[in-house]
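Quick notes on the structure that follows.
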Amino acid sequence: MSEVRIGVFVCHCGSNIGGWLDVPEVAEYARSLPNVVFAQDNLYTCSEAGLSQIKNGIKEHNLNRVIVASCTPRTHEPLFKRVCQESGLNPSLFEFVNIREQCSWVHMQQREAATQKAKDLIRAGAAKASLLEPQEDIYVDVEPRALIIGGGIAGLTTALTIANVGFDVKLVEKEKELGGLLRHLYKLYPSNEEAAAVITPRIEAVRNHPRIEVFNDSTVRDVRGFVGNYDVIIASDGKEETIKTGVIIVATGAEELKPQGLYSYDGQKVITQMELEQLLADGNVSATKVAMILCAGARIPERTYCSRTCCMTAIKNAVLIKKQSPEAQVYILYRDLQTYGTEYEEYLRMSKEMGIRYIKYSLSNPPTVSDGGVKVYHELLGRELNLETDLVVLATPLVPHSDAKELAKKLKVPLEQNKFFLEAHVKLRPLDFATDGIYLCGCASWPTDVEQTIAQALGAASRALIPLTKGQVKVEPIVSSVDQDKCIGCGICEYLCPYKAIAVFPTDKGDRASTIVASCKGCGVCSSHCPMMAITMQNFNDDQITAQIAALAAV
Amino acid sequence: MSDAVLVIGGGIAGIQASLDLADMGKHVYLVEKSPSIGGRMAQLDKTFPTNDCSICILAPKMADCYDHSNTTILTYSEVKEITGSAGDFTVTVLKKARYVDAKKCTGCGECTEKCPAKAPDLFNMGLGTRKAAYLYFLQAVPRVALIDQEYCIRMTKGLTKDGKPRCGVCKDVCQAGAIDFDQQDEEITLNVGAIIIATGFDPYDPTSLTEYGYRRYKNVVTAMEYERLICASGPTGGHLKRLSADDRDPKTIAFIQCVGSRDLHHNKYCASVCCMHSTKEAILANEHDPEIHSYIFYIDIRASGKGFQDYVARAKKEYNVTYIRSRVAEIAQDAGENPVIWYEDTNSRQVKSMTVDLVVLATCMVPRTDAVGLAAITHTALDEYKFFQTSPLAPVDTTIPGIFACGYCQGPMDIPESVAQASAAAARAAEIVS
Amino acid sequence: MDNQNDFEPRILGFCCNWCSYAGADLAGVSRMQYRPNVRVIRVMCSGRIDPAFVIEGFLRRMDGVMVLGCHLGDCHYLTGNYEAINMINEARKLLEYSGINSGRLLLDWVSASEGARFSEVVTNFTEEIRALGPLGAAEGRDFSELEFKLRAAQATARGEKLRWVAAKQTEFMTEGNKYGEVFSRHELNRMLEGVIADEMAVNEILLLMKERPLSVKEMAAAIDLPPPRVLRYVSALRKKGLVDLQSLDGNSPRYAIRVEEEVQQ
């Protein structure tokens, strides 16, 4: 191999790193490391200026390895790898050293120790970089099909969008009928449009679309494969069918919390908003003294989140009751009103003008429901009120379906603490999972209203259309490889591989294992378990890790 | 017919819409009015509820967007005219003269350093100054300098008696020979199949809410100003201090919510993100200096997004943040230039006052002033607040087929919602240009 | 006690890319402060950690080694962290055989959303290692003594015999061996311990002979094993052609490593 020439770029990240450790000293130190021929500190390595400094460094110093010591590889590695590639350096020859998230930000008052740690980490990075090998990207064809799990407003919208662009869609719904939550609603805020009028035409359009096939009464039994090439096994009517699909969209929605044991809930005199919707739809609301209790089962210690949609649902239903019987008394007992945006705030104002009364209560002093009345301490008046009622409506939060966890397991995607699906990045990747080729939208991710759900569904369609329209995706070259001379064909790796991405095949040397590159996810279990130490995990091989250990330990 | 797409506005929404479409193989023209893409998100210090450093997570997207083989980024440019209809729009773009040759400029900053003329730094909300020859901000993309003709000595002062220009330092020091005083505005004609509007918001100017004393009292700032004040790349290098001459580090900060929003006399609507950004700003203050105590004066705490309630709970528990349900009547100032807040505590129904070191106004966010002009150019309708009109069931469709709107320009929303909508607009555009 | 307080432990950490490394990042984003003693190496999965890496850490005089994976059931690769349990269990036994306090090795779980937990785990482990003192202190032994044992442990960890048993653990516990016998964790531990005892002894003998030719008695004394057992290992090594009779010193034969083997090693 030709001479290793490493360039090290140490980032100040404004003051995020530079404010807490001595960046110039770290860069100076990096210069002294074996194989390092160039080192430099940058104010922001990720800025255009920083990137062109890398490019210039590669050119002027003939670098064949690049190390950036800055933030986390989990966000910035693709950017720097691309810059390497643009400068003619194989991106596999790039190594990232994390001195922000795992150094400057966590040792803020320990300047010396943080500086030393940064040096140590860069030394280990250089040791690994010296042993990096160029690798070629692997391209995998994408099956031109999308599979959508969930046939509510989110799933229907995504399905129509993807099908309209020209790809086949398989829509899997566990219920007999499409439509999801909207089937159980009467009218939608803020337009007061009938939910049926919104959902029915979409169901029709999906049913009649030549590119969409609906599997109702069906569940996902198992998911195998990887971006572009998923095999999803669908169970319907006791039969199983395997669908080959390039992408998967999770649009499974959520459900209303049934408030068992809360506020004397009985489904008759004390009901939920969803139950009220049904009564309203049937024209069966005879009550004239109604109290609605918001945050029933939400924003409490065991369920801390705000369900986002319940305030508006309650206000809308209160308005509908008032419209049906203007003489009715409607009280809304709230903690904080979530009438965000332009229209909801206006809707709230209109409801107040209609005579709906708002009473603020606090978590420490919640209302109590008894037969024929609600007692509530009005925080703003500073006294207790006895409301005579003939109907109490509880606004309960949307909660994840109980089978979300099982589906998450099959898809190998995470849930957050409340068991909603967890996206790849809460700020900038709200519709992607960390796993390539799987996307999410709607209430499966978090309680959302219809408008936001439709926006997310369209957005998820866009994300899914990227691999579909490209027809190809790139697989990271972090895969294992087997030394056929060392392998004895024992099959331990085949047994242990969770993706069946390595298998024993007969060869002229006898049985030998080899990796199925497109399926390999790069975990490296095969490598750490091979009795013959015949398996190399590229980018994380034994020599590289051992060199990192040695470098970290060197004083 | 054209299968290219025009995106107007290079903030996070415009960037995301451009990236999605470019990744799908469509050609995207991204037109941005200011000299760099990045938008409002580039001006923020951190983002809620994870306290991710805003520019850190945005910068890779800016670079991706600029470097993408399917994008053409036109900064310092404005859309002047649009004709045609869905599938076949003809767009005229005015590319303003930067007086710097973008192909030659390396962004080295030499011209900025030597330029003798100062101008208010708009990226830093007018806090502090920059030079007339400048980079819009540190991480600007593209990294190309420009000369502000309103402040440039050569362009404003005319010739000397002997007919010589009064300045030219930038041209003298630029080793790349990129300075070009003769550069002219340029008109570019584009043919696109669909258009995405993503022009974002302006912070509402609270000067007319005289009761808050903004501009009268130095230690009353807006939230956007505060973002720049605590940002490491801001005018104080991230050192949070008062703007009064005493230069003191604040120990108590009041955040006033709903300034000019939920207010019949100003903007009736809820700007939707202020509860959370104030919570974030209060947390950041305490991170800068654990002795800082923050008070958030609010009507309702709107924290309904993912992880928001827990964020607010953490602010109270770990970061010395107190939430006061109240109506602020007036902000006065004591002899030490400390703001004094007179308010009705709506929980105890008492009028109280509190003296603090710094007041941060969570001002409403309103459509960009040029939304009206752009609506006229695109023939799209605006709602009563001048947000681009969409409908709940078609949340990114404007009133004109083939023209979509996403992000804050069509209604109040936070970053993830803008990103989701941007992707949504990309999908709708893709349906047309596929 | 002053020494204890001045002692800053050197700790090697392994984090998986998807959970614990992300958790460490979140700790940073949340500015959760913790002791700067741990140096983390990122791997894709905790199941990637070969016991040989752990031994390597101690051979390089790290005072503690910490392996953090996803919570059980959350592994990005489904079962990698279960394999990590097996591998770290093996590493722990190797450490015990080498006379190293196995409290110096930690396996724990941190999710991507547990920044606080990451900082807590690091802080607690750092303090535990601080209490144990520098490598050798809690063990009451000199590092050179430990080093000899660790080198044997390293050879054992890389040896086919132990790797075979270790890698088969999952299969043996779920589906059984080729005769269909399913093993309990307890039975497997005994099996593992048996192999480790034998292999450690063999590797120690080989290490000793690398220095100079030795008699069985000398070797037995050096590694504190009964001479008949040492003789058994030496005979086995001779049969495999790894060891030769080198000379006779009076009545006691001296053995040495076969030369071409040495070249290979």
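In the structure tokens, the first chain shown is A, the next is B, and so on; residue numbers restart at 1 for each chain, and ligands run from 1 in the order shown.
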
**Request:** Pick out the chain B residues within 6 Å of chain A. Count only C-alpha atoms. Give them as a list in words.
**Result:**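 For chain B, the answer reads Asp23, Met24, Gln139, Arg143, Ala232, Tyr269, Cys270, Ala271, Ser272, Asp300, Ile301, Arg302, Ser304, Gln309, Thr346, Asn347, Pro392, Leu393, Pro395, Pro412, Pro416, Ala420, Gln421, Ser423, Ala424, Ala427 and Glu431 of chain B.
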
**Request:** Check the DSSP output for the backbone and give back, as a PyMOL selection string, the residues of segment 31-280 of chain B in strand (DSSP E or B).
**Result:** chain B and resi 31+37+46-47+52-53+71-74+77-85+88-95+100+118-120+129-131+133-134+141+146-147+159+165+179+186-192+194-197+201-203+214+217+220-222+252-259+270

Would you write out those residues with C-alpha atoms, as a PDB file, in the first residue's frame?
```pdb
ATOM      1  CA  VAL B  31     -34.942  31.547  -5.675  1.00  0.00           C
ATOM      2  CA  ILE B  37     -30.133  30.283   1.794  1.00  0.00           C
ATOM      3  CA  LYS B  46     -30.984  26.229  19.239  1.00  0.00           C
ATOM      4  CA  THR B  47     -34.220  24.402  18.460  1.00  0.00           C
ATOM      5  CA  ASP B  52     -30.214  20.855  18.840  1.00  0.00           C
ATOM      6  CA  CYS B  53     -27.939  23.606  17.611  1.00  0.00           C
ATOM      7  CA  THR B  71     -30.555  22.214  -8.209  1.00  0.00           C
ATOM      8  CA  THR B  72     -29.892  25.737  -9.399  1.00  0.00           C
ATOM      9  CA  ILE B  73     -29.733  28.129  -6.459  1.00  0.00           C
ATOM     10  CA  LEU B  74     -30.415  31.756  -7.249  1.00  0.00           C
ATOM     11  CA  SER B  77     -32.830  37.145  -6.484  1.00  0.00           C
ATOM     12  CA  GLU B  78     -36.514  37.840  -6.716  1.00  0.00           C
ATOM     13  CA  VAL B  79     -39.360  36.525  -8.805  1.00  0.00           C
ATOM     14  CA  LYS B  80     -40.689  39.360 -10.934  1.00  0.00           C
ATOM     15  CA  GLU B  81     -43.278  37.781 -13.177  1.00  0.00           C
ATOM     16  CA  ILE B  82     -45.053  34.503 -13.729  1.00  0.00           C
ATOM     17  CA  THR B  83     -47.176  33.575 -16.725  1.00  0.00           C
ATOM     18  CA  GLY B  84     -48.665  30.317 -17.926  1.00  0.00           C
ATOM     19  CA  SER B  85     -50.372  27.560 -16.009  1.00  0.00           C
ATOM     20  CA  ASP B  88     -45.946  25.182 -18.080  1.00  0.00           C
ATOM     21  CA  PHE B  89     -45.113  28.343 -16.198  1.00  0.00           C
ATOM     22  CA  THR B  90     -42.730  30.979 -17.478  1.00  0.00           C
ATOM     23  CA  VAL B  91     -40.945  32.760 -14.680  1.00  0.00           C
ATOM     24  CA  THR B  92     -38.870  35.913 -14.784  1.00  0.00           C
ATOM     25  CA  VAL B  93     -36.294  36.213 -12.025  1.00  0.00           C
ATOM     26  CA  LEU B  94     -34.317  39.306 -11.208  1.00  0.00           C
ATOM     27  CA  LYS B  95     -30.831  38.436 -10.053  1.00  0.00           C
ATOM     28  CA  VAL B 100     -18.816  40.400  -6.656  1.00  0.00           C
ATOM     29  CA  LYS B 118     -20.229  50.051   8.177  1.00  0.00           C
ATOM     30  CA  ALA B 119     -23.865  49.016   7.861  1.00  0.00           C
ATOM     31  CA  PRO B 120     -26.410  47.608  10.292  1.00  0.00           C
ATOM     32  CA  THR B 129     -22.804  46.326  12.461  1.00  0.00           C
ATOM     33  CA  ARG B 130     -21.210  44.664   9.532  1.00  0.00           C
ATOM     34  CA  LYS B 131     -19.177  46.035   6.652  1.00  0.00           C
ATOM     35  CA  ALA B 133     -18.553  44.418   1.701  1.00  0.00           C
ATOM     36  CA  TYR B 134     -19.784  41.387   3.569  1.00  0.00           C
ATOM     37  CA  VAL B 141     -24.369  29.288   1.324  1.00  0.00           C
ATOM     38  CA  LEU B 146     -21.431  41.005  -1.773  1.00  0.00           C
ATOM     39  CA  ILE B 147     -21.319  44.780  -1.573  1.00  0.00           C
ATOM     40  CA  LEU B 159     -16.218  60.918  -7.456  1.00  0.00           C
ATOM     41  CA  PRO B 165     -13.629  57.083  -7.059  1.00  0.00           C
ATOM     42  CA  ILE B 179     -14.915  42.620  -7.117  1.00  0.00           C
ATOM     43  CA  GLU B 186     -29.678  40.340 -14.509  1.00  0.00           C
ATOM     44  CA  GLU B 187     -32.995  38.971 -15.716  1.00  0.00           C
ATOM     45  CA  ILE B 188     -33.350  35.219 -15.996  1.00  0.00           C
ATOM     46  CA  THR B 189     -36.237  33.402 -17.606  1.00  0.00           C
ATOM     47  CA  LEU B 190     -37.170  29.968 -16.372  1.00  0.00           C
ATOM     48  CA  ASN B 191     -39.649  27.404 -17.593  1.00  0.00           C
ATOM     49  CA  VAL B 192     -41.135  25.258 -14.838  1.00  0.00           C
ATOM     50  CA  ALA B 194     -44.874  23.661 -10.811  1.00  0.00           C
ATOM     51  CA  ILE B 195     -44.141  26.329  -8.224  1.00  0.00           C
ATOM     52  CA  ILE B 196     -43.676  26.020  -4.488  1.00  0.00           C
ATOM     53  CA  ILE B 197     -43.944  29.121  -2.318  1.00  0.00           C
ATOM     54  CA  PHE B 201     -42.376  34.895   8.137  1.00  0.00           C
ATOM     55  CA  ASP B 202     -41.226  38.216   9.535  1.00  0.00           C
ATOM     56  CA  PRO B 203     -41.265  38.899  13.244  1.00  0.00           C
ATOM     57  CA  TYR B 214     -39.701  48.317  22.967  1.00  0.00           C
ATOM     58  CA  TYR B 217     -36.018  50.785  26.886  1.00  0.00           C
ATOM     59  CA  VAL B 220     -36.486  45.130  26.218  1.00  0.00           C
ATOM     60  CA  VAL B 221     -35.634  42.973  23.212  1.00  0.00           C
ATOM     61  CA  THR B 222     -37.550  40.752  20.837  1.00  0.00           C
ATOM     62  CA  THR B 252     -33.559  37.622  35.891  1.00  0.00           C
ATOM     63  CA  ILE B 253     -35.264  37.502  32.524  1.00  0.00           C
ATOM     64  CA  ALA B 254     -38.943  37.924  31.743  1.00  0.00           C
ATOM     65  CA  PHE B 255     -40.414  36.412  28.608  1.00  0.00           C
ATOM     66  CA  ILE B 256     -43.684  38.064  27.597  1.00  0.00           C
ATOM     67  CA  GLN B 257     -45.931  35.839  25.503  1.00  0.00           C
ATOM     68  CA  CYS B 258     -48.515  36.772  22.862  1.00  0.00           C
ATOM     69  CA  VAL B 259     -46.962  40.145  22.039  1.00  0.00           C
ATOM     70  CA  CYS B 270     -51.850  32.430  17.834  1.00  0.00           C
TER      71      CYS B 270
END
```

**Message:** Quick check: residues of chain C within 7 Å of chain A, only C-alpha atoms, returned as JSON, numbers by chain.
**Reply:** {"C": [24, 25, 28, 29, 31, 32, 33, 34, 36, 39, 43, 44, 45, 47, 48, 49, 50, 53, 57, 60, 61, 62, 76, 77, 78, 79, 80, 160, 163, 164, 167]}

Given the selection you just returned, output its residues as a file containing N, CA, C and O atoms, formatted as a compact mmCIF listing (two decimals), in the first residue's frame.
```txt
# COMPACT_ATOMS: atom_id res chain seq x y z
N ALA C 24 -25.34 8.78 24.02
CA ALA C 24 -24.19 9.60 24.41
C ALA C 24 -24.26 10.96 23.72
O ALA C 24 -23.97 12.00 24.32
N ASP C 25 -24.68 10.96 22.45
CA ASP C 25 -24.86 12.22 21.73
C ASP C 25 -25.92 13.08 22.39
O ASP C 25 -25.78 14.29 22.53
N GLY C 28 -24.84 14.85 25.28
CA GLY C 28 -24.10 16.04 24.86
C GLY C 28 -25.03 17.17 24.48
O GLY C 28 -24.90 18.30 24.95
N VAL C 29 -26.01 16.86 23.63
CA VAL C 29 -26.97 17.86 23.19
C VAL C 29 -27.68 18.46 24.41
O VAL C 29 -27.97 19.66 24.46
N ARG C 31 -26.35 18.75 27.26
CA ARG C 31 -25.30 19.31 28.12
C ARG C 31 -25.26 18.63 29.49
O ARG C 31 -25.13 19.30 30.51
N MET C 32 -25.44 17.34 29.52
CA MET C 32 -25.36 16.63 30.78
C MET C 32 -23.89 16.35 31.07
O MET C 32 -23.22 15.67 30.32
N GLN C 33 -23.41 16.90 32.17
CA GLN C 33 -21.99 16.84 32.45
C GLN C 33 -21.63 15.51 33.13
O GLN C 33 -22.36 15.02 33.97
N TYR C 34 -20.52 14.91 32.69
CA TYR C 34 -20.04 13.71 33.37
C TYR C 34 -18.53 13.66 33.35
O TYR C 34 -17.89 14.49 32.71
N PRO C 36 -14.71 12.93 32.58
CA PRO C 36 -14.08 12.75 31.27
C PRO C 36 -13.15 11.54 31.20
O PRO C 36 -12.14 11.56 30.51
N ARG C 39 -13.23 6.77 27.10
CA ARG C 39 -12.95 7.02 25.69
C ARG C 39 -13.77 6.00 24.90
O ARG C 39 -13.58 4.80 25.07
N VAL C 43 -19.03 1.22 17.49
CA VAL C 43 -19.21 0.04 16.63
C VAL C 43 -20.68 0.04 16.20
O VAL C 43 -21.48 0.77 16.74
N MET C 44 -21.01 -0.77 15.23
CA MET C 44 -22.39 -0.75 14.77
C MET C 44 -23.31 -1.42 15.78
O MET C 44 -24.46 -1.03 15.94
N CYS C 45 -22.82 -2.46 16.44
CA CYS C 45 -23.69 -3.24 17.35
C CYS C 45 -22.85 -3.76 18.50
O CYS C 45 -21.66 -4.07 18.32
N GLY C 47 -23.07 -6.53 19.71
CA GLY C 47 -22.73 -7.92 19.37
C GLY C 47 -21.42 -8.02 18.59
O GLY C 47 -20.90 -9.11 18.37
N ARG C 48 -20.90 -6.88 18.15
CA ARG C 48 -19.62 -6.87 17.42
C ARG C 48 -18.45 -7.06 18.39
O ARG C 48 -17.35 -7.37 17.96
N ILE C 49 -18.69 -6.82 19.68
CA ILE C 49 -17.58 -6.82 20.63
C ILE C 49 -17.07 -8.23 20.86
O ILE C 49 -17.75 -9.10 21.39
N ASP C 50 -15.86 -8.43 20.41
CA ASP C 50 -15.16 -9.71 20.58
C ASP C 50 -14.51 -9.66 21.96
O ASP C 50 -13.92 -8.64 22.32
N PHE C 53 -11.30 -7.95 22.29
CA PHE C 53 -11.17 -6.50 22.41
C PHE C 53 -11.10 -6.09 23.88
O PHE C 53 -10.38 -5.17 24.26
N GLY C 57 -7.99 -4.27 25.85
CA GLY C 57 -8.09 -3.06 26.65
C GLY C 57 -7.30 -3.18 27.94
O GLY C 57 -6.53 -2.28 28.31
N ARG C 60 -3.65 -3.27 27.54
CA ARG C 60 -3.11 -1.92 27.33
C ARG C 60 -3.27 -1.05 28.58
O ARG C 60 -3.25 0.16 28.48
N ARG C 61 -3.55 -1.68 29.69
CA ARG C 61 -3.60 -1.02 30.99
C ARG C 61 -4.75 -0.07 31.18
O ARG C 61 -4.65 0.93 31.91
N MET C 62 -5.86 -0.36 30.50
CA MET C 62 -7.08 0.37 30.85
C MET C 62 -7.53 -0.14 32.22
O MET C 62 -7.35 -1.31 32.54
N HIS C 76 -31.12 -2.72 17.19
CA HIS C 76 -31.33 -2.38 15.79
C HIS C 76 -31.16 -3.61 14.91
O HIS C 76 -31.73 -3.72 13.83
N TYR C 77 -30.34 -4.54 15.39
CA TYR C 77 -30.11 -5.79 14.64
C TYR C 77 -30.82 -6.96 15.31
O TYR C 77 -30.37 -8.09 15.24
N LEU C 78 -31.89 -6.66 16.01
CA LEU C 78 -32.78 -7.64 16.65
C LEU C 78 -32.18 -8.32 17.86
O LEU C 78 -32.69 -8.22 18.97
N THR C 79 -31.07 -9.08 17.66
CA THR C 79 -30.61 -9.93 18.76
C THR C 79 -29.15 -9.70 19.10
O THR C 79 -28.58 -10.44 19.89
N GLY C 80 -28.54 -8.70 18.49
CA GLY C 80 -27.11 -8.49 18.69
C GLY C 80 -26.74 -8.32 20.15
O GLY C 80 -25.70 -8.79 20.61
N GLU C 160 -9.52 -21.11 18.64
CA GLU C 160 -10.67 -21.77 18.02
C GLU C 160 -11.55 -22.47 19.05
O GLU C 160 -12.78 -22.45 18.97
N ARG C 163 -13.73 -20.08 21.17
CA ARG C 163 -14.64 -19.37 20.27
C ARG C 163 -15.77 -20.28 19.82
O ARG C 163 -16.91 -19.85 19.67
N TRP C 164 -15.41 -21.52 19.62
CA TRP C 164 -16.40 -22.49 19.16
C TRP C 164 -17.53 -22.62 20.20
O TRP C 164 -18.70 -22.47 19.90
N ALA C 167 -19.50 -19.30 20.66
CA ALA C 167 -20.38 -18.96 19.56
C ALA C 167 -21.60 -19.87 19.49
O ALA C 167 -22.64 -19.50 18.95
```

**Request:** List the neighbours of Lys174 of chain A out to 7 Å using only C-alpha atoms; skip same-chain residues closer than 6 positions along the sequence, and give me the result as a list in words.
**Result:**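 Here the answer would be Asn216, Asp217, Ser218 and Thr219 of chain A.
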
Can I get the selected residues back with N, CA, C and O atoms, as an mmCIF file, in the first residue's frame?
```
data_model
loop_
_atom_site.group_PDB
_atom_site.id
_atom_site.type_symbol
_atom_site.label_atom_id
_atom_site.label_comp_id
_atom_site.auth_asym_id
_atom_site.auth_seq_id
_atom_site.Cartn_x
_atom_site.Cartn_y
_atom_site.Cartn_z
ATOM 1 N N ASN A 216 -57.952 -5.515 3.043
ATOM 2 C CA ASN A 216 -58.567 -5.202 4.325
ATOM 3 C C ASN A 216 -58.645 -6.455 5.187
ATOM 4 O O ASN A 216 -58.390 -7.549 4.714
ATOM 5 N N ASP A 217 -58.992 -6.241 6.477
ATOM 6 C CA ASP A 217 -59.029 -7.375 7.397
ATOM 7 C C ASP A 217 -57.679 -8.098 7.398
ATOM 8 O O ASP A 217 -57.621 -9.314 7.557
ATOM 9 N N SER A 218 -56.615 -7.379 7.205
ATOM 10 C CA SER A 218 -55.305 -8.001 7.021
ATOM 11 C C SER A 218 -54.287 -7.406 7.981
ATOM 12 O O SER A 218 -54.381 -6.234 8.345
ATOM 13 N N THR A 219 -53.337 -8.202 8.362
ATOM 14 C CA THR A 219 -52.286 -7.700 9.236
ATOM 15 C C THR A 219 -50.920 -8.055 8.682
ATOM 16 O O THR A 219 -50.784 -8.963 7.859
#
```

Could you give me, as a Markdown table, every chain B residue with an atom at most 12 Å from chain C, plus its closest atom pair and distance in Å to one decimal, counting only C-alpha atoms, rows ordered by chain then number?
```
| residue | atom | partner | partner_atom | distance |
| --- | --- | --- | --- | --- |
| B:Lys46 | CA | C:Val29 | CA | 10.1 |
| B:Thr47 | CA | C:Val29 | CA | 10.9 |
| B:Phe48 | CA | C:Ser30 | CA | 11.2 |
| B:Pro49 | CA | C:Ser30 | CA | 10.1 |
| B:Thr50 | CA | C:Val29 | CA | 7.2 |
| B:Asn51 | CA | C:Val29 | CA | 6.4 |
| B:Asp52 | CA | C:Val29 | CA | 6.2 |
| B:Cys53 | CA | C:Val29 | CA | 8.1 |
| B:Ser54 | CA | C:Val29 | CA | 11.5 |
| B:Cys56 | CA | C:Val29 | CA | 11.3 |
| B:Ile57 | CA | C:Val29 | CA | 11.8 |
| B:Lys280 | CA | C:Ser30 | CA | 11.8 |
| B:Ile283 | CA | C:Ser30 | CA | 10.5 |
| B:Leu284 | CA | C:Ser30 | CA | 10.5 |
| B:Asn286 | CA | C:Arg31 | CA | 11.7 |
| B:Glu287 | CA | C:Arg31 | CA | 8.3 |
| B:His288 | CA | C:Arg31 | CA | 10.9 |
| B:Gly307 | CA | C:Ser113 | CA | 11.2 |
| B:Tyr311 | CA | C:Ser30 | CA | 11.3 |
| B:Arg314 | CA | C:Ser30 | CA | 11.3 |
| B:Glu318 | CA | C:Met32 | CA | 11.6 |
| B:Tyr319 | CA | C:Ser30 | CA | 11.9 |
```

**Request:** Please identify all polymer residues within 7 Å of Ser46 of chain C, counting only C-alpha atoms, omitting same-chain residues fewer than 6 positions from it, and present them as an MDAnalysis selection string.
**Result:** chainID C and resid 15:16 67:69 80:81 84

**Message:** Show me, as an NGL selection string, the residues that have an atom within 12 Å of His68 of chain B when counting only C-alpha atoms, minus same-chain residues fewer than 6 positions from it.
**Reply:** (:A and (79 or 82 or 86)) or (:B and (15 or 18-30 or 60-62))

So that I can check the surroundings of Arg512 of chain A, please list as a JSON list (two decimals) with N, CA and C atoms, in the first residue's frame every protein, DNA and RNA residue that reaches within 9 Å of it, counting only C-alpha atoms and ignoring chain neighbours fewer than 5 positions away.
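Written output follows (result.json):
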```
[["chain", "number", "residue", "atom", "x", "y", "z"],
["A", 482, "VAL", "N", -15.93, -12.83, 3.98],
["A", 482, "VAL", "CA", -15.39, -14.06, 4.55],
["A", 482, "VAL", "C", -14.10, -14.44, 3.84],
["A", 484, "GLN", "N", -12.14, -17.04, 2.50],
["A", 484, "GLN", "CA", -12.49, -18.41, 2.11],
["A", 484, "GLN", "C", -11.40, -19.43, 2.50],
["A", 485, "ASP", "N", -10.18, -18.94, 2.69],
["A", 485, "ASP", "CA", -9.11, -19.87, 3.08],
["A", 485, "ASP", "C", -9.20, -20.23, 4.56],
["A", 487, "CYS", "N", -12.15, -20.01, 6.39],
["A", 487, "CYS", "CA", -13.48, -20.54, 6.72],
["A", 487, "CYS", "C", -13.48, -22.06, 6.64],
["A", 488, "ILE", "N", -14.17, -22.67, 7.63],
["A", 488, "ILE", "CA", -14.30, -24.13, 7.60],
["A", 488, "ILE", "C", -15.74, -24.57, 7.33],
["A", 489, "GLY", "N", -16.59, -23.60, 7.05],
["A", 489, "GLY", "CA", -17.98, -23.93, 6.69],
["A", 489, "GLY", "C", -18.81, -24.44, 7.85],
["A", 490, "CYS", "N", -18.49, -24.00, 9.07],
["A", 490, "CYS", "CA", -19.19, -24.54, 10.24],
["A", 490, "CYS", "C", -20.64, -24.07, 10.32],
["A", 491, "GLY", "N", -20.94, -22.91, 9.77],
["A", 491, "GLY", "CA", -22.33, -22.44, 9.73],
["A", 491, "GLY", "C", -22.77, -21.66, 10.95],
["A", 503, "ALA", "N", -24.39, -17.05, 4.48],
["A", 503, "ALA", "CA", -24.82, -18.45, 4.39],
["A", 503, "ALA", "C", -23.68, -19.30, 3.87],
["A", 504, "VAL", "N", -23.77, -20.59, 4.16],
["A", 504, "VAL", "CA", -22.73, -21.54, 3.73],
["A", 504, "VAL", "C", -23.13, -22.12, 2.37],
["A", 505, "PHE", "N", -22.20, -22.03, 1.43],
["A", 505, "PHE", "CA", -22.45, -22.55, 0.10],
["A", 505, "PHE", "C", -21.36, -23.57, -0.24],
["A", 506, "PRO", "N", -21.70, -24.59, -1.04],
["A", 506, "PRO", "CA", -20.65, -25.51, -1.47],
["A", 506, "PRO", "C", -19.71, -24.81, -2.46],
["A", 507, "THR", "N", -18.41, -25.01, -2.29],
["A", 507, "THR", "CA", -17.44, -24.46, -3.25],
["A", 507, "THR", "C", -16.48, -25.60, -3.60]]
```

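Note that DSSP on the backbone gives alpha helix (DSSP H) to these residues of segment 272-358 of chain B: Cys274, Cys275, Met276, His277, Ser278, Thr279, Lys280, Glu281, Ala282, Ile283, Leu284, Ala285, Asn286, Glu287, His288, Phe308, Gln309, Asp310, Tyr311, Val312, Ala313, Arg314, Ala315, Lys316, Lys317 and Glu318 of chain B.
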
**Asked** For Asp182 of chain B, which residue out of B:Thr369, B:Thr363, B:Gln149, B:Asn219 is the nearest one, using only C-alpha atoms?
**Response** B:Gln149

Determine, counting only C-alpha atoms, which protein, DNA and RNA residues have an atom within 9 Å of an atom of Tyr139 of chain A; residues of the same chain fewer than 4 positions away are not included. Present the result as a compact mmCIF listing (two decimals) with C-alpha atoms, in the first residue's frame.
```txt
# COMPACT_ATOMS: atom_id res chain seq x y z
CA GLN A 472 -31.87 2.48 -7.17
CA VAL A 473 -30.52 3.04 -3.72
CA LYS A 474 -27.02 3.07 -2.47
CA VAL A 475 -26.07 0.60 0.28
CA GLU A 476 -23.37 1.67 2.72
CA ALA A 518 -27.43 -6.40 -0.16
```
